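See below for data-v5.cif, which holds mmCIF, C-alpha atoms.
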```
data_my_file
#
loop_
_atom_site.label_atom_id
_atom_site.label_comp_id
_atom_site.auth_asym_id
_atom_site.auth_seq_id
_atom_site.Cartn_x
_atom_site.Cartn_y
_atom_site.Cartn_z
CA MET A 19 -135.94 170.27 -155.87
CA LYS A 20 -136.23 168.27 -152.64
CA ILE A 21 -134.36 164.96 -152.58
CA LEU A 22 -134.54 162.22 -149.98
CA HIS A 23 -131.44 159.97 -150.12
CA VAL A 24 -131.72 156.51 -148.57
CA VAL A 25 -128.64 154.58 -147.46
CA GLY A 26 -128.37 151.51 -145.29
CA ALA A 27 -125.07 149.70 -145.78
CA ARG A 28 -121.45 150.60 -146.41
CA PRO A 29 -121.52 150.31 -150.23
CA ASN A 30 -124.42 152.79 -150.27
CA PHE A 31 -122.35 155.38 -148.43
CA MET A 32 -119.59 155.40 -151.06
CA LYS A 33 -122.16 155.74 -153.85
CA ALA A 34 -124.24 158.44 -152.18
CA ALA A 35 -121.51 160.75 -150.85
CA PRO A 36 -120.56 162.30 -154.22
CA VAL A 37 -124.22 162.69 -155.23
CA LEU A 38 -124.97 164.61 -152.04
CA ASP A 39 -122.06 166.93 -152.84
CA ALA A 40 -123.08 167.40 -156.47
CA MET A 41 -126.70 168.19 -155.60
CA GLU A 42 -125.65 170.62 -152.88
CA ILE A 43 -123.80 172.58 -155.55
CA LYS A 44 -127.02 172.62 -157.58
CA GLY A 45 -128.90 174.07 -154.60
CA ALA A 46 -131.18 171.11 -153.95
CA ARG A 47 -132.83 170.65 -150.55
CA GLN A 48 -131.68 167.27 -149.30
CA THR A 49 -132.58 164.83 -146.54
CA LEU A 50 -130.32 161.90 -145.72
CA VAL A 51 -131.97 158.81 -144.24
CA HIS A 52 -129.85 156.03 -142.77
CA THR A 53 -131.94 152.91 -142.29
CA GLY A 54 -129.47 151.39 -139.84
CA GLN A 55 -129.09 148.15 -141.81
CA HIS A 56 -125.39 148.38 -140.92
CA TYR A 57 -125.39 149.86 -137.49
CA ASP A 58 -122.15 149.46 -135.52
CA GLU A 59 -119.34 152.01 -135.63
CA ASN A 60 -116.93 149.94 -137.73
CA MET A 61 -119.64 149.08 -140.23
CA SER A 62 -121.26 152.49 -140.46
CA GLN A 63 -120.23 155.59 -138.52
CA VAL A 64 -116.56 155.51 -139.46
CA PHE A 65 -117.60 155.56 -143.11
CA PHE A 66 -119.68 158.71 -142.64
CA ASP A 67 -116.71 160.34 -140.96
CA GLU A 68 -114.14 159.40 -143.60
CA LEU A 69 -116.36 160.15 -146.58
CA GLY A 70 -117.16 163.60 -145.23
CA MET A 71 -120.88 162.85 -145.39
CA PRO A 72 -123.26 164.89 -143.26
CA GLN A 73 -124.74 163.11 -140.27
CA PRO A 74 -128.05 161.51 -141.26
CA ASP A 75 -131.09 163.67 -140.76
CA VAL A 76 -133.00 160.51 -139.86
CA ASN A 77 -131.78 157.15 -138.56
CA LEU A 78 -134.37 154.39 -138.67
CA ASN A 79 -132.25 152.06 -136.47
CA VAL A 80 -133.58 148.94 -138.14
CA GLY A 81 -130.59 146.76 -137.24
CA SER A 82 -129.94 143.18 -138.20
CA GLY A 83 -132.48 140.50 -139.01
CA SER A 84 -133.76 138.35 -141.83
CA HIS A 85 -134.33 139.79 -145.28
CA ALA A 86 -138.07 139.93 -144.64
CA PHE A 87 -137.59 141.62 -141.26
CA GLN A 88 -135.21 144.29 -142.56
CA THR A 89 -137.28 145.03 -145.65
CA GLY A 90 -140.54 145.21 -143.69
CA GLU A 91 -139.12 147.36 -140.90
CA VAL A 92 -137.59 149.84 -143.35
CA MET A 93 -140.93 150.10 -145.17
CA LYS A 94 -142.86 150.69 -141.96
CA ARG A 95 -140.46 153.26 -140.56
CA ILE A 96 -139.65 155.20 -143.71
CA GLU A 97 -143.25 155.78 -144.78
CA LYS A 98 -143.77 158.42 -142.07
CA VAL A 99 -140.50 160.10 -143.02
CA MET A 100 -141.58 160.39 -146.65
CA LEU A 101 -145.01 161.70 -145.68
CA ASP A 102 -143.44 164.31 -143.39
CA GLN A 103 -140.71 165.34 -145.82
CA ASN A 104 -142.80 165.18 -149.00
CA PRO A 105 -139.77 164.98 -151.33
CA THR A 106 -140.00 165.37 -155.07
CA LEU A 107 -137.56 162.50 -155.55
CA VAL A 108 -136.27 159.55 -153.51
CA LEU A 109 -132.77 158.42 -154.51
CA VAL A 110 -131.82 154.84 -153.64
CA TYR A 111 -128.45 153.18 -154.13
CA GLY A 112 -127.25 149.71 -155.02
CA ASP A 113 -129.08 146.50 -154.17
CA VAL A 114 -129.46 146.11 -150.40
CA ASN A 115 -132.76 145.52 -148.59
CA SER A 116 -133.05 149.21 -147.73
CA THR A 117 -132.97 150.04 -151.44
CA VAL A 118 -135.96 147.98 -152.52
CA ALA A 119 -137.91 148.84 -149.35
CA ALA A 120 -137.56 152.59 -149.83
CA ALA A 121 -138.31 152.33 -153.55
CA LEU A 122 -141.52 150.40 -152.88
CA VAL A 123 -142.80 152.90 -150.32
CA ALA A 124 -141.97 155.90 -152.49
CA SER A 125 -143.62 154.35 -155.53
CA LYS A 126 -146.84 153.65 -153.61
CA LEU A 127 -146.84 157.25 -152.34
CA HIS A 128 -146.46 158.47 -155.95
CA ILE A 129 -143.03 159.96 -155.27
CA GLN A 130 -140.54 159.67 -158.10
CA VAL A 131 -137.71 157.17 -157.56
CA GLY A 132 -134.18 157.38 -158.90
CA HIS A 133 -131.95 154.28 -158.74
CA VAL A 134 -128.20 154.82 -158.73
CA GLU A 135 -126.41 151.71 -160.04
CA ALA A 136 -129.40 150.39 -161.96
CA GLY A 137 -129.39 147.55 -164.46
CA LEU A 138 -126.83 145.26 -162.83
CA ARG A 139 -127.71 141.59 -163.27
CA SER A 140 -126.06 138.37 -162.17
CA PHE A 141 -128.98 136.37 -163.64
CA ASP A 142 -128.95 134.32 -160.45
CA ARG A 143 -132.25 134.70 -158.63
CA THR A 144 -131.03 132.72 -155.65
CA MET A 145 -129.14 135.89 -154.69
CA PRO A 146 -131.37 138.17 -152.62
CA GLU A 147 -129.58 141.19 -154.12
CA GLU A 148 -130.74 140.14 -157.59
CA ILE A 149 -134.38 140.25 -156.49
CA ASN A 150 -133.79 143.69 -154.98
CA ARG A 151 -132.26 144.93 -158.25
CA LEU A 152 -135.06 143.59 -160.43
CA LEU A 153 -137.86 145.02 -158.32
CA THR A 154 -136.22 148.40 -157.75
CA ASP A 155 -135.55 148.93 -161.45
CA GLN A 156 -139.13 148.09 -162.42
CA ILE A 157 -140.59 150.81 -160.19
CA SER A 158 -137.93 153.50 -160.70
CA ASP A 159 -138.53 156.59 -162.80
CA LEU A 160 -134.86 157.45 -163.37
CA LEU A 161 -132.29 154.69 -163.79
CA PHE A 162 -128.65 155.70 -163.56
CA ILE A 163 -126.33 153.08 -165.05
CA HIS A 164 -122.58 152.72 -164.85
CA SER A 165 -121.83 150.43 -167.81
CA PRO A 166 -123.38 149.81 -171.26
CA GLU A 167 -124.58 146.24 -170.59
CA ALA A 168 -126.87 147.61 -167.87
CA ARG A 169 -128.84 149.42 -170.58
CA ASP A 170 -129.24 146.14 -172.48
CA ASN A 171 -130.48 144.40 -169.34
CA LEU A 172 -133.05 147.09 -168.62
CA THR A 173 -134.43 147.40 -172.15
CA ALA A 174 -134.72 143.60 -172.33
CA GLU A 175 -136.93 143.81 -169.24
CA GLY A 176 -139.17 146.42 -170.82
CA VAL A 177 -137.80 149.57 -169.20
CA GLU A 178 -138.36 152.63 -171.36
CA GLU A 179 -135.18 153.91 -173.00
CA GLY A 180 -135.91 157.47 -171.92
CA LYS A 181 -135.68 156.53 -168.23
CA ILE A 182 -132.12 155.22 -168.58
CA HIS A 183 -129.11 157.50 -168.14
CA PHE A 184 -125.50 156.35 -168.61
CA VAL A 185 -123.62 158.41 -166.04
CA GLY A 186 -120.76 156.23 -164.79
CA ASN A 187 -119.83 154.88 -161.39
CA THR A 188 -120.26 157.07 -158.32
CA MET A 189 -118.28 154.62 -156.19
CA ILE A 190 -115.28 155.46 -158.35
CA ASP A 191 -115.99 159.16 -157.71
CA THR A 192 -115.39 158.49 -154.04
CA LEU A 193 -112.29 156.43 -154.74
CA VAL A 194 -110.75 159.13 -156.95
CA ARG A 195 -111.40 161.82 -154.35
CA LEU A 196 -110.03 159.88 -151.39
CA LEU A 197 -107.20 157.83 -152.91
CA PRO A 198 -104.57 160.51 -152.11
CA MET A 199 -105.65 160.39 -148.45
CA ALA A 200 -105.71 156.59 -148.45
CA LYS A 201 -102.10 156.51 -149.65
CA LYS A 202 -101.16 158.24 -146.37
CA SER A 203 -102.82 155.56 -144.24
CA ASN A 204 -100.62 153.75 -141.71
CA VAL A 205 -102.71 150.57 -141.79
CA LEU A 206 -99.82 148.51 -143.20
CA GLU A 207 -97.59 149.56 -140.33
CA LYS A 208 -100.33 148.77 -137.83
CA ILE A 209 -100.57 145.17 -139.04
CA GLY A 210 -96.79 144.71 -139.30
CA LEU A 211 -96.32 145.16 -143.05
CA ASP A 212 -94.63 147.80 -145.19
CA ASP A 213 -94.93 149.22 -148.71
CA ASP A 214 -92.73 146.46 -150.10
CA SER A 215 -94.66 143.60 -148.52
CA GLN A 216 -96.14 141.08 -150.92
CA TYR A 217 -99.55 140.30 -149.48
CA VAL A 218 -102.93 139.16 -150.75
CA LEU A 219 -106.05 140.89 -149.44
CA SER A 220 -109.14 138.78 -148.81
CA THR A 221 -112.78 139.49 -147.92
CA MET A 222 -115.70 137.05 -147.71
CA HIS A 223 -119.25 137.74 -146.59
CA ARG A 224 -121.83 136.30 -149.01
CA PRO A 225 -124.14 133.63 -147.53
CA SER A 226 -123.40 131.27 -150.42
CA ASN A 227 -119.75 131.26 -149.33
CA VAL A 228 -119.78 131.67 -145.56
CA ASP A 229 -123.01 129.91 -144.54
CA ASN A 230 -121.96 126.62 -146.15
CA LYS A 231 -119.45 124.65 -144.06
CA GLN A 232 -117.95 122.81 -147.02
CA LYS A 233 -117.57 125.95 -149.15
CA LEU A 234 -116.14 128.03 -146.33
CA GLY A 235 -113.73 125.22 -145.51
CA SER A 236 -112.60 125.13 -149.15
CA ILE A 237 -112.03 128.89 -149.09
CA LEU A 238 -109.96 128.64 -145.91
CA HIS A 239 -107.94 125.82 -147.46
CA ALA A 240 -107.29 127.97 -150.55
CA LEU A 241 -106.20 130.94 -148.41
CA HIS A 242 -103.82 128.66 -146.51
CA GLY A 243 -102.39 127.61 -149.87
CA ILE A 244 -101.90 131.23 -150.91
CA SER A 245 -100.23 131.95 -147.57
CA ARG A 246 -97.34 129.63 -148.42
CA ARG A 247 -96.02 132.38 -150.71
CA HIS A 248 -97.85 135.50 -149.60
CA THR A 249 -99.15 136.89 -146.36
CA VAL A 250 -102.96 136.93 -146.46
CA VAL A 251 -104.59 139.99 -144.87
CA TRP A 252 -108.23 139.30 -144.05
CA PRO A 253 -110.44 142.03 -142.54
CA ALA A 254 -113.05 139.58 -141.37
CA HIS A 255 -116.76 140.37 -141.53
CA PRO A 256 -118.54 139.54 -138.24
CA ARG A 257 -120.79 137.09 -140.09
CA THR A 258 -117.76 135.18 -141.36
CA ILE A 259 -116.15 134.98 -137.90
CA GLU A 260 -119.39 133.61 -136.45
CA ARG A 261 -119.60 130.89 -139.09
CA ILE A 262 -115.94 129.85 -138.71
CA SER A 263 -116.52 129.37 -134.99
CA GLU A 264 -119.87 127.66 -135.48
CA PHE A 265 -118.42 125.19 -138.01
CA GLY A 266 -115.28 124.54 -135.95
CA LEU A 267 -112.97 125.41 -138.86
CA ASN A 268 -109.24 125.94 -138.46
CA VAL A 269 -107.80 129.38 -139.15
CA GLU A 270 -104.59 129.02 -137.15
CA ASN A 271 -101.92 130.17 -139.56
CA LYS A 272 -99.36 132.87 -138.81
CA ASN A 273 -99.41 133.91 -142.48
CA VAL A 274 -103.18 134.44 -142.51
CA ARG A 275 -103.79 137.63 -140.56
CA MET A 276 -107.43 138.04 -139.64
CA ILE A 277 -108.04 141.61 -138.54
CA ASP A 278 -111.10 143.58 -137.49
CA PRO A 279 -113.06 145.42 -140.20
CA VAL A 280 -111.33 148.66 -141.16
CA GLY A 281 -112.53 152.04 -142.39
CA TYR A 282 -112.76 153.07 -146.01
CA LEU A 283 -109.38 154.83 -146.20
CA ASP A 284 -107.50 151.94 -144.60
CA PHE A 285 -109.24 149.40 -146.80
CA LEU A 286 -108.56 151.43 -149.93
CA CYS A 287 -104.88 151.55 -148.93
CA LEU A 288 -104.88 147.77 -148.46
CA GLN A 289 -106.39 147.27 -151.91
CA ASP A 290 -104.03 149.68 -153.64
CA ASN A 291 -100.93 147.97 -152.22
CA ALA A 292 -102.06 144.36 -152.55
CA ALA A 293 -100.43 141.92 -154.93
CA ALA A 294 -103.91 140.53 -155.53
CA VAL A 295 -107.38 140.44 -153.95
CA VAL A 296 -109.57 137.40 -153.25
CA THR A 297 -113.17 138.40 -152.57
CA ASP A 298 -116.86 137.85 -153.16
CA SER A 299 -117.73 141.57 -153.04
CA GLY A 300 -119.24 143.38 -156.00
CA GLY A 301 -117.84 146.78 -155.09
CA ILE A 302 -114.32 145.42 -154.67
CA GLN A 303 -114.47 144.00 -158.19
CA GLU A 304 -115.02 147.59 -159.39
CA GLU A 305 -112.40 149.22 -157.19
CA THR A 306 -109.67 146.71 -158.10
CA THR A 307 -110.48 147.23 -161.78
CA PHE A 308 -109.89 150.97 -161.38
CA LEU A 309 -106.74 150.40 -159.31
CA GLY A 310 -105.34 147.80 -161.70
CA VAL A 311 -105.03 145.14 -158.99
CA PRO A 312 -105.69 141.48 -159.93
CA CYS A 313 -108.98 140.35 -158.44
CA PHE A 314 -110.22 136.78 -157.97
CA THR A 315 -113.94 136.62 -157.26
CA VAL A 316 -115.10 133.44 -155.51
CA ARG A 317 -118.48 133.30 -157.19
CA PRO A 318 -119.98 131.57 -160.26
CA ASN A 319 -121.30 134.86 -161.66
CA THR A 320 -121.03 138.61 -161.40
CA GLU A 321 -123.45 141.46 -161.92
CA ARG A 322 -120.46 143.52 -163.05
CA PRO A 323 -119.28 141.77 -166.24
CA VAL A 324 -117.45 144.91 -167.36
CA THR A 325 -114.85 144.08 -164.67
CA LEU A 326 -114.23 140.79 -166.53
CA SER A 327 -114.22 142.11 -170.10
CA GLN A 328 -112.31 145.34 -169.47
CA GLY A 329 -110.91 145.13 -165.98
CA THR A 330 -108.79 142.90 -163.78
CA ASN A 331 -111.41 140.53 -162.43
CA GLN A 332 -111.57 136.74 -162.79
CA LEU A 333 -114.33 134.46 -161.54
CA PHE A 334 -113.23 131.47 -159.49
CA PRO A 335 -116.39 129.54 -158.56
CA ASP A 336 -114.87 126.07 -158.23
CA ASN A 337 -111.53 124.28 -158.13
CA LEU A 338 -110.27 126.52 -155.35
CA ASP A 339 -107.20 124.28 -155.06
CA ALA A 340 -105.95 126.03 -158.20
CA LEU A 341 -106.50 129.50 -156.74
CA ALA A 342 -103.07 129.67 -155.09
CA ASP A 343 -101.31 129.12 -158.42
CA ALA A 344 -103.51 131.68 -160.18
CA VAL A 345 -102.77 134.25 -157.49
CA ARG A 346 -99.03 133.50 -157.67
CA VAL A 347 -98.95 134.13 -161.43
CA ALA A 348 -100.98 137.35 -161.15
CA ALA A 349 -98.91 138.64 -158.25
CA GLN A 350 -95.73 138.42 -160.33
CA HIS A 351 -97.07 141.27 -162.46
CA ARG A 352 -98.43 143.23 -159.45
CA LYS A 353 -100.65 145.50 -161.55
CA ALA A 354 -102.96 143.56 -163.84
CA ALA A 355 -103.60 144.26 -167.48
CA GLY A 356 -106.90 146.00 -168.07
CA GLN A 357 -108.49 149.32 -168.77
CA THR A 358 -110.80 151.67 -166.93
CA PRO A 359 -114.40 151.44 -168.17
CA GLN A 360 -116.04 154.49 -169.75
CA TYR A 361 -117.19 157.20 -167.31
CA TRP A 362 -115.35 155.64 -164.36
CA ASP A 363 -113.59 158.96 -164.10
CA GLY A 364 -114.66 160.59 -160.85
CA LYS A 365 -117.39 162.69 -162.50
CA ALA A 366 -120.44 160.41 -162.41
CA ALA A 367 -122.24 162.32 -159.64
CA GLY A 368 -121.99 165.52 -161.66
CA ARG A 369 -123.70 163.78 -164.57
CA ILE A 370 -126.48 162.60 -162.25
CA ALA A 371 -126.94 166.15 -161.00
CA ASP A 372 -127.16 167.44 -164.56
CA VAL A 373 -129.84 164.86 -165.41
CA LEU A 374 -131.88 165.80 -162.36
CA VAL A 375 -131.68 169.51 -163.10
CA LYS A 376 -132.75 168.98 -166.71
CA SER A 377 -135.54 166.54 -165.85
CA ASP A 378 -139.00 167.50 -164.64
CA VAL A 379 -138.38 165.95 -161.21
CA SER A 380 -138.43 169.37 -159.57
CA CYS A 381 -141.94 170.14 -160.81
#
```

Target format structure tokens, applied to this file:
Amino acid sequence: MKILHVVGARPNFMKAAPVLDAMEIKGARQTLVHTGQHYDENMSQVFFDELGMPQPDVNLNVGSGSHAFQTGEVMKRIEKVMLDQNPTLVLVYGDVNSTVAAALVASKLHIQVGHVEAGLRSFDRTMPEEINRLLTDQISDLLFIHSPEARDNLTAEGVEEGKIHFVGNTMIDTLVRLLPMAKKSNVLEKIGLDDDSQYVLSTMHRPSNVDNKQKLGSILHALHGISRRHTVVWPAHPRTIERISEFGLNVENKNVRMIDPVGYLDFLCLQDNAAAVVTDSGGIQEETTFLGVPCFTVRPNTERPVTLSQGTNQLFPDNLDALADAVRVAAQHRKAAGQTPQYWDGKAAGRIADVLVKSDVSC
């Protein structure tokens, strides 16, 4: 079996790392391709180092750009790699531009495609990630899902039942493996906090939140409200910092600590110790559910409804003035009520490996 793994952004790295390990145990020949969609050290290299992933065999160095630019460049550059490598299977992860681009090229070259984290749907086609999910799932041969509703979404779209495999969440595999190391992080000390500090962790990066001056202003106002009771720790995405400056918004508040992006271990430590998390990230909705930390998602929808029905997540699309009170109530309990979804147990990658070994993908 010869597998070509395609990653391009930080969430991909956490999902792919355990699969690479599991397939190495099975004796598969593997090639790791990094498209370079996230390309600076804080956004990429540090994650390879901390996750213990091998250095990419190929880096396409695509860099930043519009959705069309990134998708087109990945398609152009990865075609030669696939022709040279001639893999029996291309594994793609999540819903970024690199995912759909690699899946399209592989499909047209008649190479089987496996999609890890298939079947997620927000049902909001204004989100570019939703288009990537829909297209990737339609051309994939093996669809690995991490929650039961994903199966319902796929079968409703005409995907054959036999292609769908409920394996669990490989991102949680990475969390389970590295949480003991994250607990030893000194990130709290570095930002002037300690284990007893009551702080709220925040991240924002989605265009619908940060590219709209009024919405971003409302989010900043809500974080200032939260900061009256809790320190707000905000590892700020470069995109968000650019928009705050461009819009002339005020972030001067000693209780809102904007810090540079941090590595996976430091960020996991920040999540685990937070009184609550305010975010628009899909992956953080999952991680906080596993950690039992209250999560407030500033979006009108989520492609991860299991984090609402079973986990600790709440959607907060509007009325952000009420967010401070909601956070205050949740923070009183520190760990939120909820349960861990089925197969979010650190063993999902092993189930994927078992499916691949039993399938005819190696023929």

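Here the question is which of A:Leu152, A:Pro74, A:Leu374, A:Leu333 gets nearest to Leu107 (chain A) using all atoms listed in the file, and that residue is A:Leu374.
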
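Selection result for the displayed file, with the PyMOL selection byres ((chain A and resi 172) around 9) as criterion, is Ala136, Gly137, Leu138, Asp155, Gln156, Glu167, Ala168, Arg169, Asp170, Asn171, Thr173, Ala174, Glu175, Gly176, Val177, Glu178, Glu179 and Ile182 of chain A.
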
Expand the PyMOL selection byres ((chain A and resi 119) around 8) into the individual residues it matches in the shown file, reporting them as a VMD selection string. chain A and resid 89 to 90 92 to 93 115 to 118 120 to 123

Might you pull out every residue within 10 Å of Arg95 (chain A), with only C-alpha atoms counted and same-chain residues fewer than 6 positions away left off, and present them as a ChimeraX atom specification? /A:53,77-80,120

For a cut-off of 12 Å around (-111.4, 140.9, -163.5), file coordinates, pick out all residues using only C-alpha atoms and list them as a PyMOL selection string. chain A and resi 294-297+300+302-316+319-320+322-334+348+353-359

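Note that the spacing between CA of Arg143 (chain A) and CA of Pro335 (chain A) amounts to 16.7 Å.
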
Name the residues captured by the PyMOL selection byres ((chain A and resi 70) around 12) when it is applied to the shown file; answer as a short mmCIF file (atom, residue, chain, number, x, y, z; two decimals) with C-alpha atoms, in the frame of the given file.
```cif
data_model
loop_
_atom_site.label_atom_id
_atom_site.label_comp_id
_atom_site.auth_asym_id
_atom_site.auth_seq_id
_atom_site.Cartn_x
_atom_site.Cartn_y
_atom_site.Cartn_z
CA PHE A 31 -122.35 155.38 -148.43
CA MET A 32 -119.59 155.40 -151.06
CA ALA A 34 -124.24 158.44 -152.18
CA ALA A 35 -121.51 160.75 -150.85
CA PRO A 36 -120.56 162.30 -154.22
CA LEU A 38 -124.97 164.61 -152.04
CA ASP A 39 -122.06 166.93 -152.84
CA GLN A 63 -120.23 155.59 -138.52
CA VAL A 64 -116.56 155.51 -139.46
CA PHE A 65 -117.60 155.56 -143.11
CA PHE A 66 -119.68 158.71 -142.64
CA ASP A 67 -116.71 160.34 -140.96
CA GLU A 68 -114.14 159.40 -143.60
CA LEU A 69 -116.36 160.15 -146.58
CA MET A 71 -120.88 162.85 -145.39
CA PRO A 72 -123.26 164.89 -143.26
CA GLN A 73 -124.74 163.11 -140.27
CA PRO A 74 -128.05 161.51 -141.26
CA THR A 192 -115.39 158.49 -154.04
CA ARG A 195 -111.40 161.82 -154.35
CA LEU A 196 -110.03 159.88 -151.39
CA TYR A 282 -112.76 153.07 -146.01
CA LEU A 283 -109.38 154.83 -146.20
#
```

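We find CA of Tyr111 (chain A) and CA of Ser203 (chain A) to be spaced 27.6 Å apart.
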
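Nearest residue to Gly266 (chain A) among A:Ile244, A:Gln232, A:Val250, A:Phe184 is A:Gln232, counting all atoms listed in the file.
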
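The space between CA of Leu338 (chain A) and CA of Pro146 (chain A) spans 24.3 Å.
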
Take every atom of region 269-287 of chain A listed in the file, pad by 5 Å on each side, and give me the axis-aligned box centre and edge lengths in Å, one decimal, as lines of an AutoDock Vina configuration file.
```
center_x = -106.2
center_y = 141.9
center_z = -143.5
size_x = 23.7
size_y = 35.8
size_z = 22.8
```

Min atom-atom distance to Arg317 (chain A) from the set A:Pro225, A:Gly281, A:Gly54, A:Pro105, counting only C-alpha atoms, belongs to A:Pro225

Write region 196-212 of chain A as a PDB file, keeping the file's coordinate frame, completed to N, CA and C atoms.
```pdb
ATOM      1  N   LEU A 196    -110.667 160.229-152.651  1.00  0.00           N
ATOM      2  CA  LEU A 196    -110.030 159.880-151.390  1.00  0.00           C
ATOM      3  C   LEU A 196    -108.757 159.054-151.528  1.00  0.00           C
ATOM      4  N   LEU A 197    -108.406 158.634-152.747  1.00  0.00           N
ATOM      5  CA  LEU A 197    -107.200 157.830-152.910  1.00  0.00           C
ATOM      6  C   LEU A 197    -105.943 158.545-152.399  1.00  0.00           C
ATOM      7  N   PRO A 198    -105.765 159.847-152.656  1.00  0.00           N
ATOM      8  CA  PRO A 198    -104.570 160.510-152.110  1.00  0.00           C
ATOM      9  C   PRO A 198    -104.503 160.428-150.576  1.00  0.00           C
ATOM     10  N   MET A 199    -105.650 160.525-149.901  1.00  0.00           N
ATOM     11  CA  MET A 199    -105.650 160.390-148.450  1.00  0.00           C
ATOM     12  C   MET A 199    -105.373 158.955-148.026  1.00  0.00           C
ATOM     13  N   ALA A 200    -105.923 157.995-148.784  1.00  0.00           N
ATOM     14  CA  ALA A 200    -105.710 156.590-148.450  1.00  0.00           C
ATOM     15  C   ALA A 200    -104.238 156.204-148.552  1.00  0.00           C
ATOM     16  N   LYS A 201    -103.526 156.820-149.480  1.00  0.00           N
ATOM     17  CA  LYS A 201    -102.100 156.510-149.650  1.00  0.00           C
ATOM     18  C   LYS A 201    -101.294 156.925-148.417  1.00  0.00           C
ATOM     19  N   LYS A 202    -101.845 157.802-147.592  1.00  0.00           N
ATOM     20  CA  LYS A 202    -101.160 158.240-146.370  1.00  0.00           C
ATOM     21  C   LYS A 202    -101.526 157.389-145.161  1.00  0.00           C
ATOM     22  N   SER A 203    -102.395 156.405-145.345  1.00  0.00           N
ATOM     23  CA  SER A 203    -102.820 155.560-144.240  1.00  0.00           C
ATOM     24  C   SER A 203    -101.633 154.789-143.655  1.00  0.00           C
ATOM     25  N   ASN A 204    -101.663 154.554-142.358  1.00  0.00           N
ATOM     26  CA  ASN A 204    -100.620 153.750-141.710  1.00  0.00           C
ATOM     27  C   ASN A 204    -101.104 152.345-141.382  1.00  0.00           C
ATOM     28  N   VAL A 205    -102.131 151.880-142.102  1.00  0.00           N
ATOM     29  CA  VAL A 205    -102.710 150.570-141.790  1.00  0.00           C
ATOM     30  C   VAL A 205    -101.697 149.451-141.991  1.00  0.00           C
ATOM     31  N   LEU A 206    -100.811 149.566-142.988  1.00  0.00           N
ATOM     32  CA  LEU A 206     -99.820 148.510-143.200  1.00  0.00           C
ATOM     33  C   LEU A 206     -98.894 148.406-141.998  1.00  0.00           C
ATOM     34  N   GLU A 207     -98.465 149.552-141.503  1.00  0.00           N
ATOM     35  CA  GLU A 207     -97.590 149.560-140.330  1.00  0.00           C
ATOM     36  C   GLU A 207     -98.299 148.951-139.120  1.00  0.00           C
ATOM     37  N   LYS A 208     -99.583 149.261-138.984  1.00  0.00           N
ATOM     38  CA  LYS A 208    -100.330 148.770-137.830  1.00  0.00           C
ATOM     39  C   LYS A 208    -100.451 147.251-137.817  1.00  0.00           C
ATOM     40  N   ILE A 209    -100.450 146.625-138.996  1.00  0.00           N
ATOM     41  CA  ILE A 209    -100.570 145.170-139.040  1.00  0.00           C
ATOM     42  C   ILE A 209     -99.221 144.500-139.327  1.00  0.00           C
ATOM     43  N   GLY A 210     -98.130 145.279-139.208  1.00  0.00           N
ATOM     44  CA  GLY A 210     -96.790 144.710-139.300  1.00  0.00           C
ATOM     45  C   GLY A 210     -96.281 144.481-140.694  1.00  0.00           C
ATOM     46  N   LEU A 211     -96.788 145.252-141.667  1.00  0.00           N
ATOM     47  CA  LEU A 211     -96.320 145.160-143.050  1.00  0.00           C
ATOM     48  C   LEU A 211     -95.737 146.502-143.470  1.00  0.00           C
ATOM     49  N   ASP A 212     -95.131 146.536-144.657  1.00  0.00           N
ATOM     50  CA  ASP A 212     -94.630 147.800-145.190  1.00  0.00           C
ATOM     51  C   ASP A 212     -94.972 147.885-146.669  1.00  0.00           C
TER      52      ASP A 212
END
```
